[in-house]
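> Structure in structure tokens, see below.
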Amino acid sequence: MLGSALAALVIAAVTSTGLPGGGTAQAQANEPAEEISRLPGGGGPWTGFNTDASISADGRFVVFNASPASGPDFVTIRDRIGDTTTAVPYATSPPSIPDSQNATISDDGCVIAFSANVINGEFGGYQWVVHNRCSGVSTVASFQYSPTPFPRPAVSADGSVIAWSDGFNIYVFQRTGNNYAVVAAVLPPPGSVAFAAGGTVAMSDDGNLIAYTSGIGGRYNPSPSVVRVWDRRNPAAVQVISRTAAGGASAGNSYGPSISGDGNLVAFYSFATDLAVGPQPANQYFVAVFDRSTSTMRLVANDASEADISRDGRHIAYNLDVGEIGDVYVATSTSPQPFATIATDLVSYSTAGPPNTTFGSASGPVISDRGRWVAFHSYAGDLLSDEPPFFDGWHVYVRQRRPVLAVSPIDFGTVQVGNSFDLPSTVTNLGLSGFVVTSIAASGGFAVLGENCPDVLDRGQSCTVTVRYTPAAAVVSTGQLTVRDDSYAPVPLAYSAALRGTGSAVAVTTTLPVATTTTAPTVPTPFSLAIEPAAIAFEAQTVGVASPTQAAQVRNTGTGSNTVGTVSVGGTNAADFAVVSTNCVGAALAPGATCDVELGFTPTDAGARTAQLTATGQGGSSAAATLTGDALYAPTLEAFPPVAAPGQVTTLIGDGFPPSTPIEMVWEAGPEVFSITSDATGSFKLPVLILVNTLLGPRIVSAVAQPGRFDQVDTDLLIVAGTIQPQGTGGFVQLVTNHVSRG
């Protein structure tokens, strides 16, 4: 049964090329995943089975467990830029590759901590090993050994601090030179003589905050498993994370903590029914996130597990428990404080097209620092990648969640030769992850005068770039304003918008004196407009249903009176947005004065919808704001009659589906899958024949979800005993193509 989290909108991968004109982002679905567990140079599979990835902050390095068909497992590192795949050694000279597993890589990509069977003979066992990829030095950090591999450790951002669990206790190691020594041990929670600390350990960037799971029933009775955070600067301080509304430890089991870089947010998955997020369905895992600064908890996804939070605290990758293993999704928030999910996108999608899932064959997600890269393992290589299909087991993949910018164009109108005119361009991140602003430049005789863009422009965030036009001749000038992200060299991102201006040999009303220096602040212009806010996001809406309206204002940011000429909506999905009312058209605004615009959103199709609100005024002045909204269809399905016997026909009636779209139907009582195409209004009628041997009792018929289009829709059907039963057939649902009379 598909989980309810599939109701979240799926946002497709997008192009990274420069965008002409207004810089509107175009969607590109089914982008292939990158095969990680393979030989260099596009070679074949690295080994038969590869799982449990860990990724560096920038996404360049991925370590994972390799399990060959014969011989021991070993930790492997893939350098995505250098195109190398190598086994991680435990000894420097000569390099040795023992049985090794469960690796974690530091954010900077240098330090890899893992378990390795470095002792041979009668007292052989696994120990804690650290390999520094940057220095080439390997160190055995253990003071003990285990007959089985230790759980995956936690590593600080620079690799100087490592925390390991031995299954009962957690030990913290500090680096001195090339060696690591124990500096602390996590204390048992108050009131407990001992505790089990198995499974995942997580650590803040500075290595001071450690998230872990522990039992409160003693060393050999770990249930219930509770998520906690320990601050090694204050050893007596142990904070309960998987808590009830009253602040106490949950009576249910919680696992797998992951902590943001600043240590404020802790994501985990749980089976409890008494957490502070409210009552949870019985017998179902879910992912939650706890904000330590406010002691508040938020639900991220039901039917979910294996949560991994990005370093910036804005993205949580998790495994949605669908199918045999699951599918990998990412929930995103506009702000890490508080984390409030605004969108969920499918990462382990299939390149084969709708319904775009790998049918529950992906697991183990880890996410890079700003959410751009997600690594996971899957056995659905022929669905995920355009590499040659690998049919010999699990493999590790990386999927990109591109940031996409909308850059507003600027038309300076006519400016006297030798004078300067300054206008703003709004830059908005409409993509899935953070955009690292590495450069902003203007071409064609235009110059960037100033900007207030942060180092990282997060999803939904906007900034302003002020561009200066100083015509040198009485000609039309054209150029581009380009914003780049070169943080990952193999896949640079560049988004552009058009710049245009006309030089005039005679004085015009829009001219300004030439600025004395290029470093002087922007000179106020007589004609200038702004729309506030610059990015307007509507709530997710059902296709064809109007959303609550949103308010905006057009402000005169110039030094003289400005009469507004037009207020209009344009762009990719302009038909989905509308100016409901405005008092701006024809309004003469004094400097600093505003007029009002009321906007509506009625989506015509599902998915992410974007448009642009534009206002124009005197002297070629204009302003723009980005409009965004998400939409899903909300179809209905019913069986008529809802009670039938073997040998009878019932009709499945669908309404409100996407028009002219194949709809796949599944039958709970058997393996049958059948489909019908909706008509131009999104409706269909599908007669089905109930055949002999069909199990009696209540059954569910489902229209399978199309992520990003509509959620799974169910209808109840009761099968009762009857006398009309066709002979020579098994028990299944058969499509009826001819009328069958019923007595």
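Letters for chains follow the order of the structure tokens (A, B, ...), residue numbers begin at 1 for each chain, and ligand numbers begin at 1 in the order shown.
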Quick one: residues within 12 Å of segment 413-415 of chain A, only C-alpha atoms, excluding same-chain residues fewer than 4 positions away - as a PyMOL selection string?

chain A and resi 419-423+468-478+499-514+525+527-528+616-622

> With N, CA and C atoms retained, export the selected residues as a CSV table (one decimal), in the first residue's frame.


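The result, stored in part20.csv:
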chain,number,residue,atom,x,y,z
A,419,ASN,N,25.4,59.7,-19.3
A,419,ASN,CA,24.7,59.6,-18.0
A,419,ASN,C,24.6,58.2,-17.6
A,420,SER,N,24.2,58.0,-16.4
A,420,SER,CA,24.0,56.6,-15.8
A,420,SER,C,22.6,56.4,-15.3
A,421,PHE,N,22.1,55.2,-15.4
A,421,PHE,CA,20.8,54.9,-14.8
A,421,PHE,C,20.9,53.5,-14.2
A,422,ASP,N,20.4,53.4,-12.9
A,422,ASP,CA,20.5,52.2,-12.1
A,422,ASP,C,19.1,51.5,-11.9
A,423,LEU,N,19.0,50.2,-12.2
A,423,LEU,CA,17.8,49.5,-11.9
A,423,LEU,C,18.1,48.2,-11.3
A,468,ARG,N,23.9,49.0,-13.5
A,468,ARG,CA,24.1,50.4,-14.0
A,468,ARG,C,24.3,50.3,-15.6
A,469,TYR,N,23.5,51.2,-16.2
A,469,TYR,CA,23.6,51.4,-17.7
A,469,TYR,C,24.2,52.8,-17.9
A,470,THR,N,25.3,52.9,-18.6
A,470,THR,CA,26.0,54.2,-19.0
A,470,THR,C,26.2,54.2,-20.5
A,471,PRO,N,25.3,54.6,-21.3
A,471,PRO,CA,25.5,54.5,-22.7
A,471,PRO,C,26.7,55.4,-23.2
A,472,ALA,N,27.5,54.8,-24.1
A,472,ALA,CA,28.6,55.6,-24.6
A,472,ALA,C,28.3,56.1,-26.0
A,473,ALA,N,27.2,55.7,-26.6
A,473,ALA,CA,26.8,56.1,-27.9
A,473,ALA,C,25.3,56.0,-28.1
A,474,ALA,N,24.7,56.7,-29.1
A,474,ALA,CA,23.3,56.7,-29.3
A,474,ALA,C,22.9,55.4,-30.1
A,475,VAL,N,23.0,54.3,-29.4
A,475,VAL,CA,22.7,53.0,-30.0
A,475,VAL,C,21.9,52.2,-29.0
A,476,VAL,N,21.3,51.1,-29.5
A,476,VAL,CA,20.6,50.2,-28.6
A,476,VAL,C,21.7,49.2,-28.1
A,477,SER,N,21.7,49.0,-26.8
A,477,SER,CA,22.7,48.1,-26.1
A,477,SER,C,21.9,46.9,-25.5
A,478,THR,N,22.5,45.7,-25.7
A,478,THR,CA,21.9,44.5,-25.1
A,478,THR,C,23.0,43.7,-24.4
A,499,LEU,N,19.4,42.2,-20.6
A,499,LEU,CA,19.6,43.6,-20.2
A,499,LEU,C,19.5,44.4,-21.5
A,500,ARG,N,18.8,45.5,-21.5
A,500,ARG,CA,18.5,46.3,-22.7
A,500,ARG,C,18.5,47.8,-22.3
A,501,GLY,N,19.0,48.6,-23.2
A,501,GLY,CA,19.0,50.1,-23.0
A,501,GLY,C,19.2,50.8,-24.3
A,502,THR,N,18.7,52.0,-24.4
A,502,THR,CA,18.9,52.8,-25.6
A,502,THR,C,19.6,54.1,-25.3
A,503,GLY,N,20.8,54.4,-25.9
A,503,GLY,CA,21.4,55.6,-25.7
A,503,GLY,C,20.8,56.7,-26.6
A,504,SER,N,20.8,57.9,-26.0
A,504,SER,CA,20.2,59.1,-26.7
A,504,SER,C,21.2,60.2,-26.7
A,505,ALA,N,21.3,60.9,-27.9
A,505,ALA,CA,22.2,62.1,-27.9
A,505,ALA,C,21.6,63.3,-27.3
A,506,VAL,N,20.3,63.3,-27.1
A,506,VAL,CA,19.7,64.5,-26.5
A,506,VAL,C,19.2,64.1,-25.1
A,507,ALA,N,18.9,65.1,-24.3
A,507,ALA,CA,18.5,64.9,-22.9
A,507,ALA,C,17.1,64.2,-22.9
A,508,VAL,N,16.9,63.3,-22.0
A,508,VAL,CA,15.6,62.7,-21.8
A,508,VAL,C,15.3,62.7,-20.3
A,509,THR,N,14.0,62.5,-20.0
A,509,THR,CA,13.6,62.7,-18.6
A,509,THR,C,14.2,61.7,-17.6
A,510,THR,N,14.6,60.6,-18.2
A,510,THR,CA,15.1,59.5,-17.3
A,510,THR,C,16.6,59.6,-17.0
A,511,THR,N,17.3,60.6,-17.5
A,511,THR,CA,18.7,60.7,-17.4
A,511,THR,C,19.1,61.1,-16.0
A,512,LEU,N,20.3,60.7,-15.5
A,512,LEU,CA,20.8,61.1,-14.3
A,512,LEU,C,22.3,61.6,-14.4
A,513,PRO,N,22.8,62.4,-13.5
A,513,PRO,CA,24.2,62.8,-13.6
A,513,PRO,C,25.1,61.5,-13.5
A,514,VAL,N,26.2,61.5,-14.1
A,514,VAL,CA,27.1,60.4,-14.0
A,514,VAL,C,27.7,60.3,-12.6
A,525,THR,N,16.8,57.4,-8.5
A,525,THR,CA,16.4,57.7,-9.9
A,525,THR,C,15.0,58.3,-9.8
A,527,PHE,N,12.4,57.8,-11.7
A,527,PHE,CA,11.4,56.9,-12.0
A,527,PHE,C,11.8,55.5,-11.7
A,528,SER,N,11.3,54.9,-10.7
A,528,SER,CA,11.7,53.5,-10.2
A,528,SER,C,10.5,52.9,-9.4
A,616,THR,N,4.5,48.4,-14.7
A,616,THR,CA,5.3,49.4,-15.4
A,616,THR,C,4.8,50.8,-15.1
A,617,GLY,N,5.7,51.7,-15.3
A,617,GLY,CA,5.4,53.1,-14.9
A,617,GLY,C,6.1,54.0,-15.9
A,618,GLN,N,6.2,55.3,-15.5
A,618,GLN,CA,6.8,56.3,-16.4
A,618,GLN,C,8.3,56.1,-16.6
A,619,GLY,N,8.9,56.7,-17.7
A,619,GLY,CA,10.3,56.7,-17.9
A,619,GLY,C,10.9,55.3,-18.1
A,620,GLY,N,10.1,54.3,-18.6
A,620,GLY,CA,10.6,53.0,-18.7
A,620,GLY,C,10.8,52.2,-17.4
A,621,SER,N,10.3,52.7,-16.3
A,621,SER,CA,10.4,52.0,-15.1
A,621,SER,C,9.5,50.8,-15.0
A,622,SER,N,10.0,49.8,-14.3
A,622,SER,CA,9.2,48.5,-14.2
A,622,SER,C,9.7,47.8,-13.0

> Report as CSV: every residue of segment 28-108 of chain A with an atom at most 12 Å from segment 132-149 of chain A, its closest pair of atoms, and their distance in Å to one decimal, counting only C-alpha atoms, with rows sorted by chain and ascending residue number.


residue,atom,partner,partner_atom,distance
A:Phe61,CA,A:Arg133,CA,10.5
A:Val63,CA,A:Arg133,CA,11.5
A:Asn65,CA,A:Pro149,CA,11.9
A:Asp73,CA,A:Pro149,CA,10.7
A:Phe74,CA,A:Pro149,CA,11.4
A:Thr76,CA,A:Arg133,CA,11.8
A:Ile77,CA,A:Arg133,CA,9.5
A:Arg78,CA,A:Arg133,CA,11.6
A:Asp79,CA,A:Arg133,CA,10.9
A:Thr86,CA,A:Arg133,CA,11.0
A:Ala87,CA,A:Arg133,CA,11.3
A:Val88,CA,A:Arg133,CA,8.6
A:Pro89,CA,A:Ser138,CA,7.2
A:Tyr90,CA,A:Ser138,CA,5.5
A:Ala91,CA,A:Ser138,CA,5.3
A:Thr92,CA,A:Ser138,CA,5.6
A:Ser93,CA,A:Val137,CA,9.1
A:Pro94,CA,A:Ser138,CA,10.9
A:Pro95,CA,A:Ser138,CA,9.1
A:Ser96,CA,A:Ser138,CA,10.0
A:Ile97,CA,A:Ser138,CA,11.4
A:Asp99,CA,A:Pro149,CA,9.3
A:Ser100,CA,A:Pro149,CA,7.7
A:Gln101,CA,A:Pro149,CA,6.7
A:Asn102,CA,A:Pro149,CA,7.5
A:Ala103,CA,A:Pro149,CA,10.5
A:Thr104,CA,A:Asn132,CA,11.9
A:Ile105,CA,A:Asn132,CA,9.7
A:Ser106,CA,A:Asn132,CA,9.8
A:Asp108,CA,A:Cys134,CA,9.8

> Store the residues picked out above in a file with C-alpha atoms, as a PDB file, in the first residue's frame.


ATOM      1  CA  PHE A  61      33.559  12.027  -2.342  1.00  0.00           C
ATOM      2  CA  VAL A  63      32.410   6.085   0.572  1.00  0.00           C
ATOM      3  CA  ASN A  65      30.583  -0.850   1.612  1.00  0.00           C
ATOM      4  CA  ASP A  73      33.827  -6.810   2.404  1.00  0.00           C
ATOM      5  CA  PHE A  74      35.862  -3.627   2.127  1.00  0.00           C
ATOM      6  CA  THR A  76      35.558   1.952  -1.011  1.00  0.00           C
ATOM      7  CA  ILE A  77      35.851   5.652  -1.877  1.00  0.00           C
ATOM      8  CA  ARG A  78      34.691   7.216  -5.120  1.00  0.00           C
ATOM      9  CA  ASP A  79      36.130  10.584  -6.228  1.00  0.00           C
ATOM     10  CA  THR A  86      39.652   2.773  -4.767  1.00  0.00           C
ATOM     11  CA  ALA A  87      39.558   0.548  -1.717  1.00  0.00           C
ATOM     12  CA  VAL A  88      40.399   2.369   1.521  1.00  0.00           C
ATOM     13  CA  PRO A  89      43.533   0.926   3.199  1.00  0.00           C
ATOM     14  CA  TYR A  90      43.979   0.457   6.926  1.00  0.00           C
ATOM     15  CA  ALA A  91      47.793   0.558   6.881  1.00  0.00           C
ATOM     16  CA  THR A  92      50.050   3.122   5.206  1.00  0.00           C
ATOM     17  CA  SER A  93      53.006   0.941   4.275  1.00  0.00           C
ATOM     18  CA  PRO A  94      52.408  -1.434   2.704  1.00  0.00           C
ATOM     19  CA  PRO A  95      48.750  -0.557   1.944  1.00  0.00           C
ATOM     20  CA  SER A  96      46.495  -3.266   3.318  1.00  0.00           C
ATOM     21  CA  ILE A  97      42.840  -3.899   2.500  1.00  0.00           C
ATOM     22  CA  ASP A  99      37.715  -6.949   5.886  1.00  0.00           C
ATOM     23  CA  SER A 100      36.269  -3.468   6.541  1.00  0.00           C
ATOM     24  CA  GLN A 101      32.771  -1.975   6.776  1.00  0.00           C
ATOM     25  CA  ASN A 102      30.546   0.869   8.001  1.00  0.00           C
ATOM     26  CA  ALA A 103      32.470   3.981   6.954  1.00  0.00           C
ATOM     27  CA  THR A 104      31.764   7.677   7.509  1.00  0.00           C
ATOM     28  CA  ILE A 105      33.583  10.483   5.657  1.00  0.00           C
ATOM     29  CA  SER A 106      34.188  13.964   7.078  1.00  0.00           C
ATOM     30  CA  ASP A 108      35.878  18.132   4.007  1.00  0.00           C
TER      31      ASP A 108
END

> Do you know which residues are at most 6 Å from segment 628-644 of chain A counting only C-alpha atoms, after dropping those on the same chain fewer than 2 positions away, and could you put them as an MDAnalysis selection string?

chainID A and resid 537:538 540:543 606:610 650:657 709:710 715 717:719

> Segment 263-446 of chain A: which residues are strand (DSSP E) by DSSP, as an MDAnalysis selection string?

chainID A and resid 265:270 286:291 296:302 304:309 315:320 327:336 339:346 362:367 373:378 395:400 405:407 410:416 421:429 435:436 439:442 446

> Excluding same-chain residues fewer than 2 positions from segment 257-262 of chain A, what lies within 9 Å of it counting only C-alpha atoms, as a ChimeraX atom specification?

/A:157,200-206,209-213,227-228,254-255,264-269,306-314,369

> With only C-alpha atoms as the counted atoms, please give the residues lying no more than 7 Å from Leu383 of chain A, apart from itself and same-chain residues fewer than 6 positions off, as a tab-separated table (two decimals) with all heavy atoms, in the first residue's frame.


chain	number	residue	atom	x	y	z
A	350	SER	N	12.50	6.85	-11.45
A	350	SER	CA	12.92	6.05	-12.59
A	350	SER	C	13.04	6.91	-13.83
A	350	SER	O	12.25	7.84	-14.04
A	350	SER	CB	11.90	4.93	-12.83
A	350	SER	OG	12.10	4.32	-14.09
A	351	THR	N	14.02	6.61	-14.68
A	351	THR	CA	14.16	7.31	-15.95
A	351	THR	C	13.16	6.79	-16.98
A	351	THR	O	13.09	7.31	-18.09
A	351	THR	CB	15.58	7.14	-16.52
A	351	THR	OG1	15.86	5.74	-16.70
A	351	THR	CG2	16.60	7.73	-15.57
A	352	ALA	N	12.41	5.76	-16.62
A	352	ALA	CA	11.48	5.15	-17.57
A	352	ALA	C	10.19	5.94	-17.73
A	352	ALA	O	9.36	5.61	-18.56
A	352	ALA	CB	11.16	3.72	-17.14
A	358	THR	N	10.98	3.56	-8.53
A	358	THR	CA	11.67	2.29	-8.76
A	358	THR	C	10.95	1.15	-8.04
A	358	THR	O	11.53	0.10	-7.80
A	358	THR	CB	13.12	2.39	-8.25
A	358	THR	OG1	13.11	2.80	-6.88
A	358	THR	CG2	13.92	3.38	-9.07

> Show me, as a list of chain:residue names, the residues that have an atom within 10 Å of segment 335-341 of chain A when counting only C-alpha atoms, minus same-chain residues fewer than 5 positions from it.

A:Ala8, A:Ser260, A:Asn264, A:Leu265, A:Val289, A:Phe290, A:Asp291, A:Arg292, A:Ser293, A:Thr294, A:Thr296, A:Met297, A:Arg298, A:Leu299, A:Val300, A:Ala301, A:Asp312, A:Gly313, A:Arg314, A:His315, A:Ile316, A:Val330, A:Asp458, A:Arg459, A:Gly460, A:Gln461

> Please give the complete set of residues from segment 378-449 of chain A that DSSP, run on the backbone, assigns to helix (DSSP H, G or I), formatted as a ChimeraX atom specification.

/A:381-384

> Taking only C-alpha atoms into account, which of A:Arg232, A:Arg80, A:Arg243, A:Arg555 comes nearest Thr594 of chain A?

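Distance minimum relative to Thr594 of chain A lands on A:Arg555.
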
> Considering only C-alpha atoms, state which residue in the set A:Ile170, A:Leu320, A:Ala703, A:Ala625 is at the smallest distance from Phe359 of chain A.

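The answer is A:Leu320, which sits nearest to Phe359 of chain A.
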
> When distances are computed from only C-alpha atoms, which of A:Asp714, A:Thr464, A:Ser439, A:Thr85 shows the smallest separation from Val483 of chain A?

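Nearest candidate to Val483 of chain A out of A:Asp714, A:Thr464, A:Ser439, A:Thr85: A:Ser439.
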
> List as JSON, numbers by chain the protein and nucleic acid residues near segment 41-55 of chain A, meaning an atom at most 7 Å away when only C-alpha atoms are counted, but skip any in the same chain fewer than 2 places from it.

{"A": [37, 38, 39, 57, 59, 61, 62, 63, 64, 65, 66, 67, 68, 69, 83, 104, 105, 364, 366, 367, 368, 375, 376, 377, 390, 392, 393, 394, 395, 396]}

> Which distance in Å separates atom CA of Val448 of chain A and atom CA of Thr466 of chain A, to one decimal?

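It comes out at 6.0 Å.
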
> Which one of A:Val226, A:Leu599, A:Tyr171, A:Pro454 sits closest to Gln550 of chain A if you count only C-alpha atoms?

A:Leu599

> Of the candidates A:Asn117, A:Ser568, A:Gln648, A:Asn356, which one gets nearest to Pro707 of chain A if we count only C-alpha atoms?

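For Pro707 of chain A, the nearest of the given residues is A:Asn356.
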
> For Thr626 of chain A, which of A:Ala574, A:Leu589, A:Val118, A:Ala442 is the closest residue, counting only C-alpha atoms?

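Of all the options, A:Ala574 lies closest to Thr626 of chain A.
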